[in-house]
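Colleague: File input39.txt below, compact mmCIF, C-alpha atoms and all ligand atoms:
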# COMPACT_ATOMS: atom_id res chain seq x y z
CA MET H 1 -11.33 -14.24 37.06
CA SER H 2 -8.64 -15.73 34.80
CA ARG H 3 -7.35 -19.28 35.03
CA PRO H 4 -3.68 -20.35 34.76
CA ASP H 5 -4.37 -21.70 31.26
CA ASP H 6 -5.75 -18.34 30.18
CA ASP H 7 -2.65 -16.59 31.50
CA ALA H 8 -0.39 -18.87 29.47
CA THR H 9 -2.50 -18.32 26.37
CA ASP H 10 -2.43 -14.56 26.87
CA ARG H 11 1.35 -14.59 27.34
CA ASN H 12 1.71 -16.59 24.16
CA SER H 13 -0.61 -14.24 22.26
CA LEU H 14 1.25 -11.20 23.51
CA GLY H 15 4.56 -12.76 22.56
CA LEU H 16 3.37 -13.51 19.04
CA ALA H 17 1.77 -10.07 18.64
CA THR H 18 4.94 -8.39 19.89
CA SER H 19 7.13 -10.40 17.51
CA PHE H 20 4.90 -9.41 14.60
CA LEU H 21 5.01 -5.77 15.69
CA GLU H 22 8.80 -5.83 15.90
CA LEU H 23 8.99 -7.37 12.44
CA LEU H 24 6.60 -4.87 10.88
CA ARG H 25 8.45 -2.02 12.56
CA THR H 26 11.33 -2.82 10.22
CA ARG H 27 9.17 -2.41 7.10
CA ARG H 28 9.88 0.68 5.05
CA SER H 29 8.85 1.69 1.59
CA ALA H 30 11.59 1.15 -0.98
CA ARG H 31 12.24 3.48 -3.88
CA ARG H 32 15.40 1.75 -5.11
CA PHE H 33 15.41 -1.93 -6.02
CA SER H 34 18.06 -4.54 -6.79
CA ASP H 35 17.85 -6.15 -10.23
CA ARG H 36 17.95 -9.56 -8.52
CA PRO H 37 15.04 -11.54 -10.00
CA VAL H 38 12.17 -12.71 -7.81
CA PRO H 39 10.63 -16.06 -8.77
CA GLN H 40 7.01 -15.87 -9.89
CA LYS H 41 6.05 -18.46 -7.26
CA ILE H 42 6.87 -15.95 -4.52
CA ILE H 43 4.68 -13.28 -6.12
CA GLU H 44 1.88 -15.83 -6.49
CA THR H 45 2.16 -16.75 -2.82
CA LEU H 46 1.97 -13.09 -1.76
CA ILE H 47 -1.07 -12.48 -3.94
CA ALA H 48 -2.71 -15.63 -2.57
CA THR H 49 -2.09 -14.19 0.91
CA ALA H 50 -3.77 -10.92 -0.12
CA GLY H 51 -6.66 -13.03 -1.39
CA THR H 52 -7.30 -14.35 2.13
CA ALA H 53 -8.40 -10.84 3.19
CA PRO H 54 -11.90 -10.21 4.47
CA SER H 55 -14.16 -8.33 2.04
CA GLY H 56 -17.66 -6.89 1.94
CA ALA H 57 -20.07 -9.85 1.53
CA ASN H 58 -17.00 -11.92 0.60
CA LYS H 59 -17.04 -10.42 -2.89
CA GLN H 60 -13.22 -10.23 -3.06
CA PRO H 61 -13.44 -7.19 -5.36
CA TRP H 62 -9.79 -7.13 -6.42
CA ARG H 63 -7.50 -8.19 -9.21
CA PHE H 64 -3.72 -8.27 -8.87
CA VAL H 65 -1.89 -7.97 -12.18
CA ALA H 66 1.75 -9.05 -11.84
CA VAL H 67 3.95 -7.36 -14.45
CA GLN H 68 7.49 -8.54 -15.20
CA ASP H 69 7.76 -7.69 -18.93
CA ALA H 70 10.42 -5.00 -19.45
CA GLU H 71 8.54 -3.21 -22.22
CA LEU H 72 5.32 -3.02 -20.19
CA LYS H 73 7.26 -1.72 -17.19
CA GLN H 74 8.88 0.93 -19.40
CA ARG H 75 5.49 2.06 -20.73
CA ILE H 76 4.07 2.18 -17.21
CA ARG H 77 7.03 4.25 -16.00
CA GLN H 78 6.69 6.70 -18.87
CA ALA H 79 2.94 7.15 -18.29
CA ALA H 80 3.36 7.45 -14.52
CA GLU H 81 6.08 10.07 -14.91
CA VAL H 82 3.80 12.16 -17.13
CA GLU H 83 1.16 12.22 -14.36
CA GLU H 84 3.72 12.76 -11.62
CA ALA H 85 5.29 15.70 -13.50
CA LYS H 86 1.83 17.31 -13.51
CA LEU H 87 1.47 16.57 -9.80
CA TYR H 88 4.78 18.06 -8.75
CA GLY H 89 4.51 20.87 -11.32
CA ALA H 90 0.99 22.13 -10.71
CA ARG H 91 -1.60 19.74 -9.28
CA ALA H 92 -0.20 19.44 -5.76
CA ASN H 93 -0.95 22.45 -3.59
CA GLU H 94 1.64 24.02 -1.31
CA SER H 95 0.66 21.93 1.71
CA TRP H 96 0.89 18.71 -0.25
CA LEU H 97 4.39 19.59 -1.50
CA LYS H 98 5.35 20.54 2.06
CA ASP H 99 4.18 17.16 3.33
CA LEU H 100 6.01 15.33 0.55
CA ALA H 101 9.30 17.23 1.02
CA PRO H 102 10.71 15.01 3.85
CA LEU H 103 10.29 11.98 1.61
CA GLY H 104 12.57 13.43 -1.04
CA THR H 105 10.37 12.18 -3.86
CA ASP H 106 10.01 13.81 -7.27
CA SER H 107 8.47 13.00 -10.63
CA ASN H 108 11.23 10.54 -11.62
CA LYS H 109 10.18 6.95 -11.06
CA PRO H 110 13.12 4.72 -12.07
CA PHE H 111 11.92 2.06 -9.62
CA LEU H 112 9.07 1.29 -12.02
CA GLU H 113 11.67 -0.25 -14.34
CA GLU H 114 14.21 -1.38 -11.74
CA ALA H 115 11.87 -3.55 -9.69
CA PRO H 116 11.62 -7.11 -11.05
CA TRP H 117 7.84 -7.03 -10.63
CA LEU H 118 5.14 -4.39 -10.58
CA VAL H 119 1.93 -5.56 -8.99
CA ALA H 120 -0.91 -3.42 -10.34
CA VAL H 121 -3.93 -3.67 -8.08
CA PHE H 122 -7.37 -3.09 -9.58
CA LYS H 123 -10.65 -2.78 -7.74
CA LEU H 124 -13.70 -4.39 -9.30
CA ASN H 125 -16.75 -2.20 -9.83
CA ARG H 126 -18.88 -5.31 -10.23
CA ASP H 127 -18.49 -8.96 -9.41
CA ASP H 128 -17.28 -10.97 -12.39
CA GLU H 129 -17.21 -14.47 -10.90
CA PRO H 130 -18.95 -17.01 -13.16
CA THR H 131 -20.72 -18.40 -10.07
CA ARG H 132 -21.97 -15.00 -8.82
CA LYS H 133 -25.56 -14.60 -7.68
CA THR H 134 -25.52 -10.82 -8.20
CA ASP H 135 -23.06 -8.35 -9.76
CA GLN H 136 -23.04 -6.05 -6.76
CA VAL H 137 -19.91 -5.37 -4.70
CA TYR H 138 -19.69 -3.78 -1.26
CA TYR H 139 -17.13 -1.68 0.66
CA VAL H 140 -14.74 -2.04 -2.24
CA ASN H 141 -12.13 0.52 -1.13
CA GLU H 142 -12.04 -0.88 2.39
CA SER H 143 -11.75 -4.44 1.11
CA VAL H 144 -9.00 -3.74 -1.40
CA GLY H 145 -7.09 -1.64 1.15
CA ILE H 146 -7.12 -4.51 3.64
CA ALA H 147 -5.98 -7.00 0.99
CA ILE H 148 -3.10 -4.72 0.01
CA GLY H 149 -2.11 -4.37 3.66
CA MET H 150 -1.87 -8.13 3.93
CA PHE H 151 0.14 -8.26 0.71
CA LEU H 152 2.60 -5.67 2.01
CA ALA H 153 3.00 -7.44 5.35
CA ALA H 154 3.50 -10.82 3.65
CA ALA H 155 6.10 -9.34 1.30
CA HIS H 156 8.00 -7.90 4.23
CA VAL H 157 7.90 -11.20 6.12
CA ALA H 158 9.33 -12.81 2.96
CA GLY H 159 12.23 -10.33 2.92
CA LEU H 160 10.96 -8.33 -0.04
CA SER H 161 10.51 -4.59 -0.29
CA THR H 162 7.53 -2.75 -1.72
CA LEU H 163 6.29 0.72 -2.46
CA THR H 164 2.64 1.74 -2.40
CA HIS H 165 2.72 3.99 -5.44
CA THR H 166 -0.32 6.03 -6.51
CA PRO H 167 0.40 8.01 -9.65
CA SER H 168 -2.83 9.86 -10.18
CA PRO H 169 -4.93 9.60 -12.25
CA MET H 170 -4.04 5.97 -12.84
CA LYS H 171 -6.27 5.31 -15.83
CA PHE H 172 -3.19 4.61 -17.98
CA LEU H 173 -2.62 1.36 -16.07
CA GLY H 174 -5.83 -0.24 -17.28
CA GLU H 175 -5.08 0.88 -20.83
CA ILE H 176 -1.49 -0.39 -20.91
CA LEU H 177 -2.41 -3.66 -19.24
CA GLY H 178 -5.54 -4.22 -21.33
CA ARG H 179 -7.91 -4.50 -18.36
CA PRO H 180 -11.68 -4.54 -18.81
CA ALA H 181 -13.72 -1.42 -17.98
CA HIS H 182 -15.11 -2.72 -14.67
CA GLU H 183 -11.56 -2.94 -13.25
CA ARG H 184 -10.32 0.39 -11.90
CA ALA H 185 -6.64 0.95 -11.14
CA TYR H 186 -6.18 1.33 -7.39
CA MET H 187 -2.48 1.06 -6.61
CA LEU H 188 0.82 0.22 -8.25
CA ILE H 189 3.24 -1.80 -6.13
CA PRO H 190 6.83 -2.28 -7.28
CA ILE H 191 8.26 -5.25 -5.41
CA GLY H 192 11.69 -6.83 -5.20
CA TYR H 193 14.80 -6.96 -3.10
CA PRO H 194 16.00 -3.52 -2.05
CA ALA H 195 19.10 -2.08 -3.72
CA ASN H 196 22.22 -2.50 -1.57
CA ASP H 197 22.65 1.25 -1.27
CA ALA H 198 18.93 2.03 -0.87
CA GLU H 199 18.20 4.73 1.68
CA VAL H 200 14.92 5.59 3.35
CA PRO H 201 13.82 9.01 4.62
CA HIS H 202 13.93 9.59 8.35
CA ILE H 203 10.33 9.62 9.48
CA GLU H 204 8.61 8.74 12.72
CA ARG H 205 5.54 6.82 13.76
CA LYS H 206 2.94 8.34 16.04
CA PRO H 207 3.14 6.90 19.56
CA LEU H 208 0.39 4.55 20.66
CA GLU H 209 -1.38 7.17 22.76
CA ARG H 210 -1.82 9.34 19.69
CA ILE H 211 -3.54 6.62 17.72
CA MET H 212 -5.42 4.58 20.35
CA VAL H 213 -8.35 5.53 22.53
CA VAL H 214 -9.97 3.13 25.00
CA ASP H 215 -13.72 3.45 25.35
CA ALA H 216 -15.51 6.75 24.97
CA GLY H 217 -14.24 10.33 25.06
CA CYS H 218 -10.85 11.98 24.66
CA GLN H 219 -8.05 10.25 26.57
CA PRO H 220 -5.39 12.21 28.42
CA ASN H 221 -2.54 12.94 26.00
CA ALA H 222 -4.50 11.49 23.15
CA ILE H 223 -6.17 14.34 21.37
CA ASP H 224 -5.91 18.05 21.87
CA PRO H 225 -9.08 19.37 20.26
CA THR H 226 -7.97 22.95 20.77
CA ARG H 227 -5.07 22.55 18.39
CA SER H 228 -6.14 22.79 14.81
CA LEU H 229 -4.46 23.80 11.60
CA PRO H 230 -6.02 25.73 8.77
CA SER H 231 -7.79 23.34 6.47
CA SER H 232 -5.31 22.46 3.74
CA MET H 233 -6.09 18.92 2.72
CA PRO H 234 -4.84 17.80 -0.68
CA PRO H 235 -7.64 17.13 -3.09
CA SER H 236 -8.69 13.49 -2.74
CA SER H 237 -8.37 11.56 -5.95
C1 LIG H 301 -2.20 5.19 -0.12
C2 LIG H 301 -0.73 5.49 -0.21
C3 LIG H 301 -0.25 6.15 -1.32
C4 LIG H 301 1.12 6.38 -1.45
N1 LIG H 301 1.60 6.94 -2.59
C5 LIG H 301 2.93 7.06 -2.76
C6 LIG H 301 3.45 7.51 -4.02
O1 LIG H 301 2.72 7.72 -4.99
N2 LIG H 301 4.80 7.64 -4.13
C7 LIG H 301 5.66 7.35 -3.10
O2 LIG H 301 6.87 7.48 -3.27
N3 LIG H 301 5.18 6.91 -1.91
C8 LIG H 301 3.85 6.74 -1.73
N4 LIG H 301 3.37 6.24 -0.54
C9 LIG H 301 4.32 5.82 0.49
C10 LIG H 301 4.31 6.74 1.71
O3 LIG H 301 4.99 7.94 1.43
C11 LIG H 301 4.99 5.98 2.87
O4 LIG H 301 4.27 4.81 3.14
C12 LIG H 301 5.05 6.82 4.12
O5 LIG H 301 5.89 7.93 3.91
C13 LIG H 301 5.58 6.01 5.29
O6 LIG H 301 6.85 5.50 4.99
P1 LIG H 301 7.19 3.97 5.08
O7 LIG H 301 6.23 3.23 4.17
O8 LIG H 301 8.62 3.85 4.61
O9 LIG H 301 7.02 3.53 6.48
C14 LIG H 301 2.01 5.99 -0.40
C15 LIG H 301 1.50 5.33 0.72
C16 LIG H 301 0.15 5.06 0.79
C17 LIG H 301 -0.35 4.28 1.97
Would you mind giving the structure from this file in structure tokens?
Ligand SMILES: Cc1cc2nc3c(=O)[nH]c(=O)nc-3n(C[C@H](O)[C@H](O)[C@H](O)COP(=O)(O)O)c2cc1C
Modeller:
Amino acid sequence: MSRPDDDATDRNSLGLATSFLELLRTRRSARRFSDRPVPQKIIETLIATAGTAPSGANKQPWRFVAVQDAELKQRIRQAAEVEEAKLYGARANESWLKDLAPLGTDSNKPFLEEAPWLVAVFKLNRDDEPTRKTDQVYYVNESVGIAIGMFLAAAHVAGLSTLTHTPSPMKFLGEILGRPAHERAYMLIPIGYPANDAEVPHIERKPLERIMVVDAGCQPNAIDPTRSLPSSMPPSS
């Protein structure tokens, strides 16, 4: 049985959760950025927010490299476009290109020079803290993914736009940015204010009943196990 206090707390929680949902519903990936500068302090605050993320055994296996130097950004763009040309030209199979088509993307990546900052996220293959007890790291992909999610949400709350960009393979990032071998490039995030005339593709989110199941078994309307497509997954990289 719930008490009046609990009801008020629940109402408050729901209100806060709903406000956050409404705010995040307005987040979209940006592929055109304004040249308006973004102070470093803001980028630091967003990265500090990412650093609050949970991680396997609290190893915090991430490094966020914030790039503002125009020459570095140019080199990153050039290297990314080489990989992306291979992707769009040959590496991506037909299904992958079909799935990308509504986004209107191609191998040109001007945003890598337009955005005032590129945040290159690296995952750590081993712990490099001076105070570490062991070198081992755990659930690295999960941990870094969560930290990036918090970074993206914080950026949006701050009125900034981002893109989760994954030119693949991303080895060039470590080379250009002079990172040590135990840091592996994970994601490249241009961040800044969106260009005034920036447009986003029309895409839709799955409704709640397609993504949520309560307790065990298939829910009505949730999953139709009889409907399956031929296996055509893009190669994971
Ligand atoms: C792991 C991951 C990799 C992505 N890689 C790219 C990419 O390389 N280039 C790009 O333009 N968008 C990329 N995206 C952005 C997605 O296309 C975008 O998030 C999706 O279409 C939903 O659109 P929205 O972010 O505007 O809501 C990536 C997103 C994720 C989560």
Colleague: Let me make sure I understand: among H:Gly104, H:Gly178, H:Pro116, H:Gly192, which one has the smallest atom-to-atom distance to Thr162 in chain H if we use all atoms listed in the file?
Modeller: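 Of the candidates, the smallest distance to Thr162 in chain H is held by H:Gly192.
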Colleague: Please, what distance in Å, to one decimal, runs between CA of Pro167 in chain H and CA of Phe111 in chain H?
Modeller: 13.0 Å
Colleague: Using all atoms listed in the file, which residues sit within 8 Å of His182 in chain H once same-chain residues fewer than 4 positions away are excluded, as a PDB file with C-alpha atoms, in the frame of the given file?
Modeller:
ATOM      1  CA  LEU H 124     -13.700  -4.390  -9.300  1.00  0.00           C
ATOM      2  CA  ASN H 125     -16.750  -2.200  -9.830  1.00  0.00           C
ATOM      3  CA  ARG H 126     -18.880  -5.310 -10.230  1.00  0.00           C
TER       4      ARG H 126
END
Colleague: With all atoms listed in the file as the basis for distance, which of H:Ala198, H:Val121, H:Ala155, H:Leu100 is at the shortest distance from Phe64 in chain H?
Modeller: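 Under the stated criterion, the closest residue is H:Val121.
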Colleague: Using only C-alpha atoms, can you tell me which of H:Gly51, H:Ala85, H:Pro190, H:Ala154 comes closest to Gln68 in chain H?
Modeller: H:Pro190
Colleague: Name each residue within 6 Å of ligand LIG 301 (chain H), counting only C-alpha atoms and all ligand atoms, as a list in words.
Modeller: Arg28, Ser29, Thr105, Thr164, His165, Thr166 and Pro167 of chain H
Colleague: Provide the CA of Val137 in chain H to CA of Glu44 in chain H distance in Å, to one decimal place.
Modeller: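 Atom-to-atom, CA of Val137 in chain H to CA of Glu44 in chain H, that is 24.2 Å.
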Colleague: Quote the spacing between CA of Tyr193 in chain H and CA of Leu46 in chain H in Å to one decimal place.
Modeller: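 Straight-line distance from CA of Tyr193 in chain H to CA of Leu46 in chain H works out to 14.3 Å.
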Colleague: Extract, using all atoms listed in the file, all DNA, RNA and protein residues at most 9 Å from range 147-149 of chain H, discarding same-chain residues fewer than 3 positions from it, and format them as an NGL selection string.
Modeller: :H and (47 or 49-55 or 60 or 62 or 121 or 142-144 or 152-154 or 164 or 187)
Colleague: With all atoms listed in the file as the basis for distance, which of H:Pro61, H:Gly159, H:Pro180, H:Glu94 is at the shortest distance from Glu129 in chain H?
Modeller: H:Pro61
Colleague: For a quick check of understanding, using only C-alpha atoms, which of H:Arg11, H:Lys59, H:Lys109, H:Arg27 has the smallest distance to Arg132 in chain H?
Modeller: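 Smallest separation from Arg132 in chain H among the options: H:Lys59.
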Colleague: Rank H:Ala8, H:Leu112, H:Leu160, H:Ala181 by their smallest atom-to-atom distance to Ala80 in chain H, using all atoms listed in the file, and report the top residue only.
Modeller: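 When distances to Ala80 in chain H are compared using all atoms listed in the file, the smallest one comes from H:Leu112.
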Colleague: If we count only C-alpha atoms and set the cut-off at 9 Å, which residues sit around Ser168 in chain H, ignoring sequence neighbours fewer than 2 positions away in its own chain? Please answer as a ChimeraX atom specification.
Modeller: /H:80,83-84,87,166,170-171,237
Colleague: Using only C-alpha atoms, determine which residues lie at most 12 Å from Arg75 in chain H, disregarding the query and same-chain residues fewer than 4 positions distant; provide the list as an NGL selection string.
Modeller: :H and (67 or 69-71 or 79-82 or 109-110 or 112-113 or 172-173 or 175-177)
Colleague: Write the residues of the preceding selection, restricted to C-alpha atoms, as a PDB file, keeping the file's coordinate frame.
Modeller:
ATOM      1  CA  VAL H  67       3.950  -7.360 -14.450  1.00  0.00           C
ATOM      2  CA  ASP H  69       7.760  -7.690 -18.930  1.00  0.00           C
ATOM      3  CA  ALA H  70      10.420  -5.000 -19.450  1.00  0.00           C
ATOM      4  CA  GLU H  71       8.540  -3.210 -22.220  1.00  0.00           C
ATOM      5  CA  ALA H  79       2.940   7.150 -18.290  1.00  0.00           C
ATOM      6  CA  ALA H  80       3.360   7.450 -14.520  1.00  0.00           C
ATOM      7  CA  GLU H  81       6.080  10.070 -14.910  1.00  0.00           C
ATOM      8  CA  VAL H  82       3.800  12.160 -17.130  1.00  0.00           C
ATOM      9  CA  LYS H 109      10.180   6.950 -11.060  1.00  0.00           C
ATOM     10  CA  PRO H 110      13.120   4.720 -12.070  1.00  0.00           C
ATOM     11  CA  LEU H 112       9.070   1.290 -12.020  1.00  0.00           C
ATOM     12  CA  GLU H 113      11.670  -0.250 -14.340  1.00  0.00           C
ATOM     13  CA  PHE H 172      -3.190   4.610 -17.980  1.00  0.00           C
ATOM     14  CA  LEU H 173      -2.620   1.360 -16.070  1.00  0.00           C
ATOM     15  CA  GLU H 175      -5.080   0.880 -20.830  1.00  0.00           C
ATOM     16  CA  ILE H 176      -1.490  -0.390 -20.910  1.00  0.00           C
ATOM     17  CA  LEU H 177      -2.410  -3.660 -19.240  1.00  0.00           C
TER      18      LEU H 177
END
Colleague: Ala101 in chain H: which residues within 12 Å, counting only C-alpha atoms, same-chain residues fewer than 5 positions away excluded, as an mmCIF file with C-alpha atoms, in the coordinates of the input?
Modeller:
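Once written, out.cif looks like this:
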data_model
loop_
_atom_site.group_PDB
_atom_site.id
_atom_site.type_symbol
_atom_site.label_atom_id
_atom_site.label_comp_id
_atom_site.auth_asym_id
_atom_site.auth_seq_id
_atom_site.Cartn_x
_atom_site.Cartn_y
_atom_site.Cartn_z
ATOM 1 C CA TYR H 88 4.780 18.060 -8.750
ATOM 2 C CA ALA H 92 -0.200 19.440 -5.760
ATOM 3 C CA GLU H 94 1.640 24.020 -1.310
ATOM 4 C CA SER H 95 0.660 21.930 1.710
ATOM 5 C CA TRP H 96 0.890 18.710 -0.250
ATOM 6 C CA ASP H 106 10.010 13.810 -7.270
ATOM 7 C CA PRO H 201 13.820 9.010 4.620
ATOM 8 C CA HIS H 202 13.930 9.590 8.350
ATOM 9 C CA ILE H 203 10.330 9.620 9.480
#
